[in-house]
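Student: So that you have it, the file is data_5.cif, and it contains mmCIF, C-alpha atoms:
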data_model
loop_
_atom_site.group_PDB
_atom_site.id
_atom_site.type_symbol
_atom_site.label_atom_id
_atom_site.label_comp_id
_atom_site.auth_asym_id
_atom_site.auth_seq_id
_atom_site.Cartn_x
_atom_site.Cartn_y
_atom_site.Cartn_z
ATOM 1 C CA MET A 1 151.225 37.425 118.537
ATOM 2 C CA ALA A 2 154.860 37.058 117.462
ATOM 3 C CA ALA A 3 157.113 35.202 119.894
ATOM 4 C CA ILE A 4 159.157 38.341 120.421
ATOM 5 C CA LYS A 5 162.242 38.409 122.619
ATOM 6 C CA PHE A 6 163.173 40.904 125.351
ATOM 7 C CA GLY A 7 166.350 42.504 126.682
ATOM 8 C CA GLY A 8 167.346 44.380 129.815
ATOM 9 C CA VAL A 9 168.286 48.064 129.928
ATOM 10 C CA GLY A 10 171.446 48.337 132.009
ATOM 11 C CA ALA A 11 170.842 47.836 135.713
ATOM 12 C CA SER A 12 167.559 49.771 135.638
ATOM 13 C CA GLY A 13 165.227 46.777 135.747
ATOM 14 C CA VAL A 14 163.525 47.968 132.551
ATOM 15 C CA GLU A 15 162.855 45.132 130.076
ATOM 16 C CA ILE A 16 162.168 46.046 126.451
ATOM 17 C CA SER A 17 161.122 43.995 123.440
ATOM 18 C CA ARG A 18 163.923 43.522 120.918
ATOM 19 C CA VAL A 19 161.889 45.507 118.409
ATOM 20 C CA GLY A 20 160.517 48.859 119.527
ATOM 21 C CA LEU A 21 158.015 51.162 117.835
ATOM 22 C CA GLY A 22 159.421 54.336 116.298
ATOM 23 C CA GLY A 23 157.174 57.099 117.565
ATOM 24 C CA TYR A 24 158.074 59.715 114.947
ATOM 25 C CA GLU A 25 155.866 58.082 112.313
ATOM 26 C CA LEU A 26 152.819 58.667 114.526
ATOM 27 C CA GLY A 27 153.007 62.334 113.487
ATOM 28 C CA PRO A 28 151.597 64.833 113.225
ATOM 29 C CA GLU A 29 153.226 66.219 110.121
ATOM 30 C CA PRO A 30 153.806 69.999 110.233
ATOM 31 C CA GLY A 31 150.509 71.819 109.838
ATOM 32 C CA ASP A 32 148.377 68.711 110.454
ATOM 33 C CA ALA A 33 146.089 68.110 113.425
ATOM 34 C CA LEU A 34 146.902 65.403 115.960
ATOM 35 C CA ASP A 35 145.569 62.086 114.622
ATOM 36 C CA VAL A 36 145.078 60.333 117.951
ATOM 37 C CA ASP A 37 142.867 57.592 116.484
ATOM 38 C CA ARG A 38 145.619 56.535 114.105
ATOM 39 C CA ALA A 39 148.248 56.597 116.853
ATOM 40 C CA VAL A 40 146.021 54.372 118.998
ATOM 41 C CA ARG A 41 145.646 51.871 116.152
ATOM 42 C CA VAL A 42 149.391 51.667 115.567
ATOM 43 C CA ILE A 43 150.238 51.277 119.268
ATOM 44 C CA GLU A 44 147.549 48.633 119.714
ATOM 45 C CA SER A 45 148.988 46.773 116.712
ATOM 46 C CA ALA A 46 152.432 46.938 118.326
ATOM 47 C CA ILE A 47 151.058 45.533 121.583
ATOM 48 C CA ALA A 48 149.235 42.750 119.740
ATOM 49 C CA ASN A 49 152.571 41.697 118.242
ATOM 50 C CA GLY A 50 154.520 41.645 121.489
ATOM 51 C CA VAL A 51 156.159 45.072 121.252
ATOM 52 C CA ASN A 52 156.169 46.790 124.656
ATOM 53 C CA TRP A 53 157.812 50.190 124.057
ATOM 54 C CA LEU A 54 158.080 53.167 121.738
ATOM 55 C CA ASP A 55 160.671 55.842 121.138
ATOM 56 C CA THR A 56 160.027 59.589 120.845
ATOM 57 C CA SER A 57 161.651 62.933 121.682
ATOM 58 C CA GLU A 58 160.751 66.486 122.579
ATOM 59 C CA ASN A 59 162.513 67.314 119.315
ATOM 60 C CA TYR A 60 160.181 65.260 117.126
ATOM 61 C CA LEU A 61 157.753 67.543 115.342
ATOM 62 C CA ALA A 62 158.321 70.392 117.787
ATOM 63 C CA THR A 63 157.041 68.417 120.832
ATOM 64 C CA ASN A 64 153.813 67.441 119.048
ATOM 65 C CA ASN A 65 154.933 63.826 118.684
ATOM 66 C CA GLU A 66 155.046 63.448 122.457
ATOM 67 C CA LEU A 67 151.654 65.139 122.660
ATOM 68 C CA VAL A 68 149.887 62.784 120.235
ATOM 69 C CA ILE A 69 151.524 59.776 121.892
ATOM 70 C CA GLY A 70 150.371 60.951 125.312
ATOM 71 C CA LYS A 71 146.791 61.333 124.126
ATOM 72 C CA ALA A 72 146.906 57.899 122.481
ATOM 73 C CA LEU A 73 148.346 56.149 125.521
ATOM 74 C CA ASP A 74 145.603 57.694 127.657
ATOM 75 C CA ARG A 75 143.125 55.520 125.724
ATOM 76 C CA ILE A 76 145.138 52.306 126.026
ATOM 77 C CA ARG A 77 144.866 50.192 129.160
ATOM 78 C CA ASP A 78 147.964 48.055 128.553
ATOM 79 C CA GLU A 79 151.162 49.164 130.239
ATOM 80 C CA PHE A 80 153.368 50.434 127.428
ATOM 81 C CA LEU A 81 156.887 51.738 128.000
ATOM 82 C CA VAL A 82 158.061 55.080 126.647
ATOM 83 C CA ALA A 83 161.547 56.277 125.738
ATOM 84 C CA SER A 84 161.997 59.999 125.122
ATOM 85 C CA LYS A 85 164.808 62.512 124.785
ATOM 86 C CA VAL A 86 165.866 66.039 125.651
ATOM 87 C CA ALA A 87 167.601 67.970 122.862
ATOM 88 C CA PRO A 88 170.292 70.672 123.118
ATOM 89 C CA ARG A 89 168.917 72.747 120.253
ATOM 90 C CA ALA A 90 166.243 72.645 117.579
ATOM 91 C CA GLY A 91 167.101 70.343 114.676
ATOM 92 C CA VAL A 92 165.240 69.678 111.438
ATOM 93 C CA THR A 93 162.112 68.722 113.366
ATOM 94 C CA GLY A 94 162.234 71.449 116.052
ATOM 95 C CA GLY A 95 161.710 71.367 119.819
ATOM 96 C CA ALA A 96 164.644 71.678 122.230
ATOM 97 C CA SER A 97 165.097 72.668 125.864
ATOM 98 C CA GLY A 98 168.887 72.851 126.191
ATOM 99 C CA PHE A 99 171.400 70.987 128.321
ATOM 100 C CA ARG A 100 171.920 73.176 131.380
ATOM 101 C CA ARG A 101 170.921 71.407 134.602
ATOM 102 C CA GLU A 102 167.722 73.403 135.090
ATOM 103 C CA GLU A 103 166.831 73.036 131.400
ATOM 104 C CA VAL A 104 167.133 69.243 131.504
ATOM 105 C CA LEU A 105 165.056 69.005 134.666
ATOM 106 C CA GLN A 106 162.341 71.240 133.194
ATOM 107 C CA ALA A 107 162.428 69.384 129.875
ATOM 108 C CA CYS A 108 161.633 66.135 131.645
ATOM 109 C CA ARG A 109 158.738 67.696 133.539
ATOM 110 C CA ASP A 110 157.373 69.133 130.289
ATOM 111 C CA SER A 111 157.663 65.773 128.511
ATOM 112 C CA LEU A 112 155.874 64.058 131.387
ATOM 113 C CA MET A 113 153.036 66.550 131.072
ATOM 114 C CA ARG A 114 152.716 66.004 127.309
ATOM 115 C CA LEU A 115 152.911 62.227 127.697
ATOM 116 C CA GLY A 116 150.456 62.220 130.599
ATOM 117 C CA ARG A 117 152.764 60.115 132.770
ATOM 118 C CA ASP A 118 154.403 60.272 136.183
ATOM 119 C CA HIS A 119 157.667 58.802 134.869
ATOM 120 C CA ILE A 120 159.537 58.120 131.621
ATOM 121 C CA ASP A 121 160.919 54.610 131.281
ATOM 122 C CA ILE A 122 164.050 55.553 129.293
ATOM 123 C CA TYR A 123 165.325 59.115 128.959
ATOM 124 C CA PHE A 124 168.124 60.097 126.574
ATOM 125 C CA LEU A 125 170.281 63.077 125.782
ATOM 126 C CA HIS A 126 169.328 63.307 122.104
ATOM 127 C CA TRP A 127 172.684 64.394 120.658
ATOM 128 C CA PRO A 128 175.846 66.170 121.900
ATOM 129 C CA ASP A 129 175.715 69.808 122.910
ATOM 130 C CA GLU A 130 177.954 72.218 120.994
ATOM 131 C CA SER A 131 177.318 75.364 123.039
ATOM 132 C CA GLY A 132 179.860 74.670 125.768
ATOM 133 C CA VAL A 133 177.652 73.186 128.486
ATOM 134 C CA PRO A 134 179.860 70.716 130.403
ATOM 135 C CA LEU A 135 178.785 67.130 129.823
ATOM 136 C CA GLU A 136 179.235 66.482 133.548
ATOM 137 C CA GLU A 137 176.589 69.093 134.358
ATOM 138 C CA THR A 138 174.114 67.627 131.891
ATOM 139 C CA TRP A 139 174.712 64.033 132.929
ATOM 140 C CA GLY A 140 174.437 65.056 136.581
ATOM 141 C CA ALA A 141 170.954 66.398 135.836
ATOM 142 C CA MET A 142 170.010 63.080 134.234
ATOM 143 C CA ALA A 143 171.181 61.292 137.374
ATOM 144 C CA GLU A 144 169.017 63.636 139.474
ATOM 145 C CA LEU A 145 165.966 62.685 137.408
ATOM 146 C CA ALA A 146 166.680 58.994 137.937
ATOM 147 C CA ASP A 147 167.198 59.472 141.690
ATOM 148 C CA ALA A 148 163.896 61.359 141.900
ATOM 149 C CA GLY A 149 162.053 58.504 140.157
ATOM 150 C CA LEU A 150 160.998 60.696 137.238
ATOM 151 C CA VAL A 151 162.878 58.417 134.841
ATOM 152 C CA ARG A 152 163.748 54.740 135.229
ATOM 153 C CA ALA A 153 166.770 54.490 132.914
ATOM 154 C CA ILE A 154 169.095 57.144 131.528
ATOM 155 C CA GLY A 155 171.094 57.116 128.326
ATOM 156 C CA LEU A 156 172.923 58.871 125.510
ATOM 157 C CA SER A 157 171.881 59.067 121.870
ATOM 158 C CA ASN A 158 174.355 59.773 119.043
ATOM 159 C CA TYR A 159 177.365 60.045 121.385
ATOM 160 C CA ALA A 160 180.916 58.832 120.800
ATOM 161 C CA ILE A 161 182.022 55.917 122.954
ATOM 162 C CA GLU A 162 184.579 58.166 124.679
ATOM 163 C CA ASP A 163 181.761 60.363 126.010
ATOM 164 C CA VAL A 164 179.693 57.314 126.949
ATOM 165 C CA GLU A 165 182.570 55.987 129.041
ATOM 166 C CA ARG A 166 183.111 59.438 130.555
ATOM 167 C CA CYS A 167 179.495 59.575 131.701
ATOM 168 C CA HIS A 168 179.577 55.934 132.800
ATOM 169 C CA ALA A 169 182.399 56.768 135.221
ATOM 170 C CA GLN A 170 180.311 59.606 136.716
ATOM 171 C CA ARG A 171 177.019 57.717 136.953
ATOM 172 C CA PRO A 172 176.352 54.380 135.182
ATOM 173 C CA VAL A 173 174.875 54.721 131.712
ATOM 174 C CA ASP A 174 171.956 52.325 131.255
ATOM 175 C CA VAL A 175 171.521 52.607 127.495
ATOM 176 C CA VAL A 176 172.762 54.219 124.309
ATOM 177 C CA GLN A 177 170.954 54.842 121.041
ATOM 178 C CA VAL A 178 172.854 54.810 117.758
ATOM 179 C CA GLY A 179 172.191 54.184 114.081
ATOM 180 C CA LEU A 180 173.035 50.927 112.344
ATOM 181 C CA ASN A 181 171.881 49.156 109.204
ATOM 182 C CA LEU A 182 173.185 47.102 106.304
ATOM 183 C CA CYS A 183 173.808 50.198 104.183
ATOM 184 C CA TYR A 184 175.632 52.580 106.551
ATOM 185 C CA TYR A 185 176.663 53.433 110.154
ATOM 186 C CA HIS A 186 179.073 50.485 110.276
ATOM 187 C CA GLU A 187 181.611 52.655 112.087
ATOM 188 C CA GLU A 188 179.341 52.280 115.144
ATOM 189 C CA LEU A 189 179.911 48.517 115.454
ATOM 190 C CA PRO A 190 182.995 48.666 117.733
ATOM 191 C CA SER A 191 181.287 51.171 120.045
ATOM 192 C CA ILE A 192 178.145 49.039 120.259
ATOM 193 C CA ALA A 193 180.242 45.988 121.131
ATOM 194 C CA ARG A 194 182.077 48.010 123.795
ATOM 195 C CA CYS A 195 178.750 49.033 125.325
ATOM 196 C CA GLY A 196 177.871 45.356 125.554
ATOM 197 C CA GLU A 197 181.081 44.751 127.501
ATOM 198 C CA LEU A 198 180.083 47.552 129.897
ATOM 199 C CA ALA A 199 176.554 46.085 130.351
ATOM 200 C CA ILE A 200 175.078 49.142 128.620
ATOM 201 C CA ALA A 201 172.078 48.341 126.427
ATOM 202 C CA ALA A 202 172.210 49.515 122.800
ATOM 203 C CA THR A 203 169.008 50.489 121.003
ATOM 204 C CA ILE A 204 169.319 51.011 117.261
ATOM 205 C CA PHE A 205 167.593 53.583 115.083
ATOM 206 C CA GLU A 206 167.304 53.327 111.286
ATOM 207 C CA PRO A 207 167.655 49.506 111.050
ATOM 208 C CA LEU A 208 165.789 49.853 107.740
ATOM 209 C CA ALA A 209 167.965 52.765 106.585
ATOM 210 C CA SER A 210 165.013 55.180 106.723
ATOM 211 C CA GLY A 211 163.003 53.029 104.303
ATOM 212 C CA ILE A 212 165.764 51.967 101.898
ATOM 213 C CA LEU A 213 165.716 48.412 103.305
ATOM 214 C CA SER A 214 161.928 48.197 103.484
ATOM 215 C CA GLY A 215 161.612 46.765 99.976
ATOM 216 C CA LYS A 216 160.238 49.990 98.472
ATOM 217 C CA THR A 217 161.573 51.573 95.289
ATOM 218 C CA LEU A 218 163.925 54.554 95.355
ATOM 219 C CA GLU A 219 161.102 56.836 94.200
ATOM 220 C CA GLN A 220 158.805 55.612 96.973
ATOM 221 C CA VAL A 221 161.451 56.199 99.625
ATOM 222 C CA GLN A 222 162.291 59.659 98.262
ATOM 223 C CA ALA A 223 158.606 60.598 98.391
ATOM 224 C CA ALA A 224 158.479 59.715 102.077
ATOM 225 C CA TRP A 225 161.073 62.387 102.921
ATOM 226 C CA PRO A 226 159.746 65.686 101.505
ATOM 227 C CA GLY A 227 160.533 69.307 102.217
ATOM 228 C CA PRO A 228 163.521 70.165 104.440
ATOM 229 C CA TRP A 229 164.714 66.551 104.590
ATOM 230 C CA GLN A 230 165.765 66.763 100.947
ATOM 231 C CA GLU A 231 168.316 69.418 101.893
ATOM 232 C CA THR A 232 170.015 67.222 104.491
ATOM 233 C CA GLU A 233 173.387 65.600 103.901
ATOM 234 C CA TRP A 234 171.823 62.176 104.594
ATOM 235 C CA TYR A 235 169.213 62.567 101.848
ATOM 236 C CA LYS A 236 171.702 63.856 99.280
ATOM 237 C CA GLU A 237 174.117 61.011 99.963
ATOM 238 C CA GLU A 238 171.997 57.936 100.733
ATOM 239 C CA LEU A 239 169.133 58.731 98.342
ATOM 240 C CA GLY A 240 171.353 60.514 95.848
ATOM 241 C CA THR A 241 175.007 59.697 95.251
ATOM 242 C CA ARG A 242 174.839 56.322 97.011
ATOM 243 C CA ALA A 243 171.321 55.360 95.991
ATOM 244 C CA ALA A 244 172.344 52.784 93.363
ATOM 245 C CA GLN A 245 174.743 51.169 95.822
ATOM 246 C CA ASN A 246 172.130 51.053 98.594
ATOM 247 C CA PHE A 247 169.367 49.666 96.418
ATOM 248 C CA GLY A 248 171.814 47.112 95.074
ATOM 249 C CA VAL A 249 171.909 45.737 98.632
ATOM 250 C CA VAL A 250 168.115 45.478 98.553
ATOM 251 C CA ASP A 251 168.169 43.603 95.242
ATOM 252 C CA GLY A 252 170.734 41.185 96.651
ATOM 253 C CA LEU A 253 168.653 40.556 99.750
ATOM 254 C CA ARG A 254 165.481 39.622 97.865
ATOM 255 C CA PRO A 255 166.492 36.040 96.885
ATOM 256 C CA ILE A 256 167.927 35.402 100.368
ATOM 257 C CA ALA A 257 164.681 36.564 101.947
ATOM 258 C CA ALA A 258 162.676 34.376 99.570
ATOM 259 C CA ARG A 259 164.680 31.293 100.571
ATOM 260 C CA LEU A 260 164.056 31.993 104.251
ATOM 261 C CA GLY A 261 160.372 32.766 103.744
ATOM 262 C CA ALA A 262 161.017 36.268 105.056
ATOM 263 C CA THR A 263 160.924 39.855 103.781
ATOM 264 C CA VAL A 264 163.829 42.162 103.017
ATOM 265 C CA ALA A 265 162.870 44.277 106.037
ATOM 266 C CA GLN A 266 162.948 41.254 108.333
ATOM 267 C CA ILE A 267 166.403 40.278 107.089
ATOM 268 C CA ALA A 268 167.626 43.842 107.696
ATOM 269 C CA ILE A 269 166.243 43.982 111.246
ATOM 270 C CA ALA A 270 167.482 40.483 112.091
ATOM 271 C CA TRP A 271 170.997 41.411 110.898
ATOM 272 C CA VAL A 272 171.029 44.404 113.243
ATOM 273 C CA LEU A 273 169.798 42.287 116.166
ATOM 274 C CA HIS A 274 172.543 39.748 115.428
ATOM 275 C CA GLN A 275 175.329 42.286 116.024
ATOM 276 C CA LYS A 276 177.343 42.060 119.227
ATOM 277 C CA GLY A 277 176.012 44.381 121.932
ATOM 278 C CA VAL A 278 172.669 45.201 120.287
ATOM 279 C CA THR A 279 169.660 45.034 122.622
ATOM 280 C CA ALA A 280 166.843 46.267 120.394
ATOM 281 C CA ALA A 281 166.014 47.875 117.052
ATOM 282 C CA ILE A 282 163.468 50.649 116.514
ATOM 283 C CA ALA A 283 161.128 50.402 113.524
ATOM 284 C CA GLY A 284 158.294 52.810 112.809
ATOM 285 C CA SER A 285 154.925 52.219 111.190
ATOM 286 C CA ARG A 286 152.496 54.866 109.971
ATOM 287 C CA ASP A 287 149.457 52.595 110.016
ATOM 288 C CA GLY A 288 150.436 49.517 112.046
ATOM 289 C CA ARG A 289 150.420 47.134 109.083
ATOM 290 C CA HIS A 290 154.134 46.382 109.389
ATOM 291 C CA MET A 291 154.217 45.682 113.123
ATOM 292 C CA GLU A 292 153.725 41.931 112.758
ATOM 293 C CA GLU A 293 156.422 41.780 110.070
ATOM 294 C CA ASN A 294 158.890 43.820 112.138
ATOM 295 C CA ALA A 295 158.290 41.930 115.373
ATOM 296 C CA ALA A 296 158.696 38.550 113.673
ATOM 297 C CA ALA A 297 162.255 39.508 112.709
ATOM 298 C CA THR A 298 163.352 38.715 116.274
ATOM 299 C CA GLY A 299 162.826 35.019 115.602
ATOM 300 C CA LEU A 300 164.643 34.893 112.268
ATOM 301 C CA ASP A 301 167.758 32.681 112.160
ATOM 302 C CA LEU A 302 170.432 34.089 109.855
ATOM 303 C CA SER A 303 173.192 31.639 110.773
ATOM 304 C CA GLU A 304 173.271 29.911 107.383
ATOM 305 C CA VAL A 305 173.090 33.105 105.304
ATOM 306 C CA LEU A 306 175.036 35.625 107.379
ATOM 307 C CA THR A 307 178.188 35.511 105.249
ATOM 308 C CA GLU A 308 176.096 35.809 102.085
ATOM 309 C CA ILE A 309 174.300 38.844 103.487
ATOM 310 C CA GLU A 310 177.459 40.632 104.545
ATOM 311 C CA GLU A 311 179.065 40.092 101.149
ATOM 312 C CA LEU A 312 176.341 42.367 99.773
ATOM 313 C CA VAL A 313 177.236 45.253 102.055
ATOM 314 C CA PRO A 314 179.042 48.012 100.116
ATOM 315 C CA ARG A 315 180.679 49.391 103.250
ATOM 316 C CA ARG A 316 181.141 46.056 104.950
ATOM 317 C CA PRO A 317 182.477 46.220 108.526
ATOM 318 C CA THR A 318 185.890 44.787 109.279
ATOM 319 C CA PRO A 319 185.456 41.448 111.114
ATOM 320 C CA ALA A 320 186.259 41.635 114.825
#
Could you show the structure in this file as structure tokens?
Tutor:
Amino acid sequence: MAAIKFGGVGASGVEISRVGLGGYELGPEPGDALDVDRAVRVIESAIANGVNWLDTSENYLATNNELVIGKALDRIRDEFLVASKVAPRAGVTGGASGFRREEVLQACRDSLMRLGRDHIDIYFLHWPDESGVPLEETWGAMAELADAGLVRAIGLSNYAIEDVERCHAQRPVDVVQVGLNLCYYHEELPSIARCGELAIAATIFEPLASGILSGKTLEQVQAAWPGPWQETEWYKEELGTRAAQNFGVVDGLRPIAARLGATVAQIAIAWVLHQKGVTAAIAGSRDGRHMEENAAATGLDLSEVLTEIEELVPRRPTPA
């Protein structure tokens, strides 16, 4: 097992490994049956490598991601923590309950039923509502869930720091979830650091830039995002107009990784974990083969190569 490190989630008492398992990759893809056996294998691989939590959402694959995870966890004896989310509306992957008080409360109950649990360890608002529901109403519902013991920690995903601080004044925010990687999302760095000052944990999605920093070729990464994803702004920019720039970062990382006896993916994850305020990074695996590699990134020392790495970044953050 990797000597993986852990971090606290606000004042909730929840302790999570610094690398978490991205639940989305456990499927099922649209039209496919639930592959519970595969999900069990991946989760057991995560556990074997010191990872103690996964991240999902009611929005992922129209609630079916929660369902396959629940069926898989029912077969696993080890205590494994679960983070999930309530969404304000259906996105690319479908599944949303809305952000009115009663909708949030019901969404949590529905997620608990799909996951087969009596509580959710970390519960997020998935992204900001645009329909006019007051944030205070929605955050008040999240506080109710925490007070009732249905969730252990409450947080905000994809929110501006101004809204995080607004909620924090109403009821302490335990955790945020934002994107960050060597290729993009650098505008999030000041907000993540501010969360650290407020004792709010920060969990990071896309530390591998949705596969760009995994060491795969452009064609391999493009093939992993079929159908409606190819119509998204992210796909058109990061795998289109900025593809050469992004994969230039990968090429620059290869010799650094070789010198450290690491992989490009490990360098990418370790860089994210090095940033001020970051508690954990979320990395998915479709078959469990990469769990050991991802978990081992928590022990990688970048001190002697950090400047060299950041010189490769095309949209390098301004030093604090």
Student: For the provided coordinates, the residues matched by the PyMOL selection byres ((chain A and resi 8-22) around 6) should be stated as a ChimeraX atom specification.
Tutor: /A:5-7,23-24,51-55,153,174,199-201,280-284,295
Student: Taking the file as shown, find all residues satisfying the PyMOL selection byres ((chain A and resi 59-69) around 6) and write them as a list in words.
Tutor: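 Checked against the file, the PyMOL selection byres ((chain A and resi 59-69) around 6) matches Gly27, Leu34, Val36, Ser57, Glu58, Gly70, Lys71, Ala72, Thr93, Gly94, Gly95, Ala96, Arg114 and Leu115 of chain A.
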Student: Any idea what's packed within 12 Å of region 254-268 of chain A, counting all atoms listed in the file, ignoring anything in its chain fewer than 3 positions away? Could you give it as a PyMOL selection string?
Tutor: chain A and resi 19+180-184+206-216+247-251+271-275+281-284+290-310+312-313
Student: Kindly indicate which residue among A:Glu162, A:Glu197, A:Asp118, A:Glu238 lies nearest to Leu135 (chain A), using all atoms listed in the file for the distances.
Tutor: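 The answer is A:Glu162, which sits nearest to Leu135 (chain A).
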Student: Just checking: using all atoms listed in the file, which residue out of A:Ala243, A:Ser131, A:Ala141, A:Val278 ends up closest to Val176 (chain A)?
Tutor: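 Among the listed residues, the smallest separation from Val176 (chain A) belongs to A:Val278.
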Student: Work out how far apart CA of Ser157 (chain A) and CA of Ala39 (chain A) are and give it in Å to one decimal.
Tutor: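 Between CA of Ser157 (chain A) and CA of Ala39 (chain A) the gap works out to 24.3 Å.
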Student: Measuring between all atoms listed in the file, which one of A:Val82, A:Ala87, A:Leu112, A:Leu145 shows the shortest distance to Asp129 (chain A)?
Tutor: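 When distances to Asp129 (chain A) are compared using all atoms listed in the file, the smallest one comes from A:Ala87.
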Student: CA of Gly140 (chain A) and CA of Ala202 (chain A) are how many Å apart?
Tutor: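 So the answer is 20.9 Å.
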Student: Hey, can I get the axis-aligned box for region 264-280 of chain A? All listed atoms, 4 Å padding on each side, centre and edge lengths in Å to one decimal, as AutoDock Vina command-line options.
Tutor:
--center_x 170.1 --center_y 43.0 --center_z 112.8 --size_x 22.5 --size_y 14.5 --size_z 27.6
Student: Could you tell me how far CA of Gly240 (chain A) lies from CA of Thr56 (chain A), in Å and to one decimal?
Tutor: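 Separation of CA of Gly240 (chain A) and CA of Thr56 (chain A): 27.5 Å.
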Student: From the set A:Pro172, A:Gly155, A:Gly288, A:Gly149, which residue has the shortest atom-to-atom contact distance to Leu125 (chain A), counting all atoms listed in the file?
Tutor: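 Checking each candidate against Leu125 (chain A), we get A:Gly155 as the closest.
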Student: I would like the residues chosen by the PyMOL selection byres ((chain A and resi 122) around 7) on the shown file; could you give them as a CSV table (one decimal) with C-alpha atoms, in the frame of the given file?
Tutor:
chain,number,residue,atom,x,y,z
A,82,VAL,CA,158.1,55.1,126.6
A,83,ALA,CA,161.5,56.3,125.7
A,84,SER,CA,162.0,60.0,125.1
A,120,ILE,CA,159.5,58.1,131.6
A,121,ASP,CA,160.9,54.6,131.3
A,123,TYR,CA,165.3,59.1,129.0
A,124,PHE,CA,168.1,60.1,126.6
A,151,VAL,CA,162.9,58.4,134.8
A,152,ARG,CA,163.7,54.7,135.2
A,153,ALA,CA,166.8,54.5,132.9
A,154,ILE,CA,169.1,57.1,131.5
Student: Just want the 8 Å neighbourhood of Gln106 (chain A), counted on all atoms listed in the file, with same-chain residues fewer than 4 positions away dropped. Output as a list in words.
Tutor: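 My reading of the contact set: Ser97, Glu102 and Asp110 of chain A.
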Student: Could you check the closest approach to Ile4 (chain A) for each of A:Gly196, A:Gly179, A:Pro28, A:Gly50 and tell me which residue wins, using all atoms listed in the file?
Tutor: A:Gly50
Student: Considering all atoms listed in the file, state which residue in the set A:Ile204, A:Ala107, A:Ala48, A:Ala193 is at the smallest distance from Arg289 (chain A).
Tutor: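 Nearest to Arg289 (chain A): A:Ala48.
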Student: Would you mind completing region 258-272 of chain A so that it carries N, CA and C atoms, and writing it out as a PDB file, in the coordinates of the input?
Tutor:
ATOM      1  N   ALA A 258     163.610  35.355 100.134  1.00  0.00           N
ATOM      2  CA  ALA A 258     162.676  34.376  99.570  1.00  0.00           C
ATOM      3  C   ALA A 258     163.004  32.966 100.050  1.00  0.00           C
ATOM      4  N   ARG A 259     164.285  32.621 100.115  1.00  0.00           N
ATOM      5  CA  ARG A 259     164.680  31.293 100.571  1.00  0.00           C
ATOM      6  C   ARG A 259     164.314  31.055 102.024  1.00  0.00           C
ATOM      7  N   LEU A 260     164.363  32.128 102.828  1.00  0.00           N
ATOM      8  CA  LEU A 260     164.056  31.993 104.251  1.00  0.00           C
ATOM      9  C   LEU A 260     162.567  32.184 104.547  1.00  0.00           C
ATOM     10  N   GLY A 261     161.790  32.488 103.518  1.00  0.00           N
ATOM     11  CA  GLY A 261     160.372  32.766 103.744  1.00  0.00           C
ATOM     12  C   GLY A 261     160.170  34.033 104.543  1.00  0.00           C
ATOM     13  N   ALA A 262     161.050  35.012 104.319  1.00  0.00           N
ATOM     14  CA  ALA A 262     161.017  36.268 105.056  1.00  0.00           C
ATOM     15  C   ALA A 262     160.932  37.437 104.080  1.00  0.00           C
ATOM     16  N   THR A 263     160.899  38.647 104.608  1.00  0.00           N
ATOM     17  CA  THR A 263     160.924  39.855 103.781  1.00  0.00           C
ATOM     18  C   THR A 263     162.299  40.505 103.887  1.00  0.00           C
ATOM     19  N   VAL A 264     162.574  41.406 102.965  1.00  0.00           N
ATOM     20  CA  VAL A 264     163.829  42.162 103.017  1.00  0.00           C
ATOM     21  C   VAL A 264     163.940  42.914 104.341  1.00  0.00           C
ATOM     22  N   ALA A 265     162.856  43.529 104.779  1.00  0.00           N
ATOM     23  CA  ALA A 265     162.870  44.277 106.037  1.00  0.00           C
ATOM     24  C   ALA A 265     163.201  43.371 107.222  1.00  0.00           C
ATOM     25  N   GLN A 266     162.658  42.173 107.234  1.00  0.00           N
ATOM     26  CA  GLN A 266     162.948  41.254 108.333  1.00  0.00           C
ATOM     27  C   GLN A 266     164.410  40.842 108.352  1.00  0.00           C
ATOM     28  N   ILE A 267     164.984  40.605 107.165  1.00  0.00           N
ATOM     29  CA  ILE A 267     166.403  40.278 107.089  1.00  0.00           C
ATOM     30  C   ILE A 267     167.229  41.440 107.651  1.00  0.00           C
ATOM     31  N   ALA A 268     166.878  42.656 107.256  1.00  0.00           N
ATOM     32  CA  ALA A 268     167.626  43.842 107.696  1.00  0.00           C
ATOM     33  C   ALA A 268     167.565  44.003 109.214  1.00  0.00           C
ATOM     34  N   ILE A 269     166.388  43.846 109.794  1.00  0.00           N
ATOM     35  CA  ILE A 269     166.243  43.982 111.246  1.00  0.00           C
ATOM     36  C   ILE A 269     166.976  42.849 111.958  1.00  0.00           C
ATOM     37  N   ALA A 270     166.830  41.635 111.465  1.00  0.00           N
ATOM     38  CA  ALA A 270     167.482  40.483 112.091  1.00  0.00           C
ATOM     39  C   ALA A 270     168.999  40.628 112.061  1.00  0.00           C
ATOM     40  N   TRP A 271     169.548  41.187 110.965  1.00  0.00           N
ATOM     41  CA  TRP A 271     170.997  41.411 110.898  1.00  0.00           C
ATOM     42  C   TRP A 271     171.447  42.366 111.995  1.00  0.00           C
ATOM     43  N   VAL A 272     170.702  43.443 112.189  1.00  0.00           N
ATOM     44  CA  VAL A 272     171.029  44.404 113.243  1.00  0.00           C
ATOM     45  C   VAL A 272     170.991  43.720 114.611  1.00  0.00           C
TER      46      VAL A 272
END
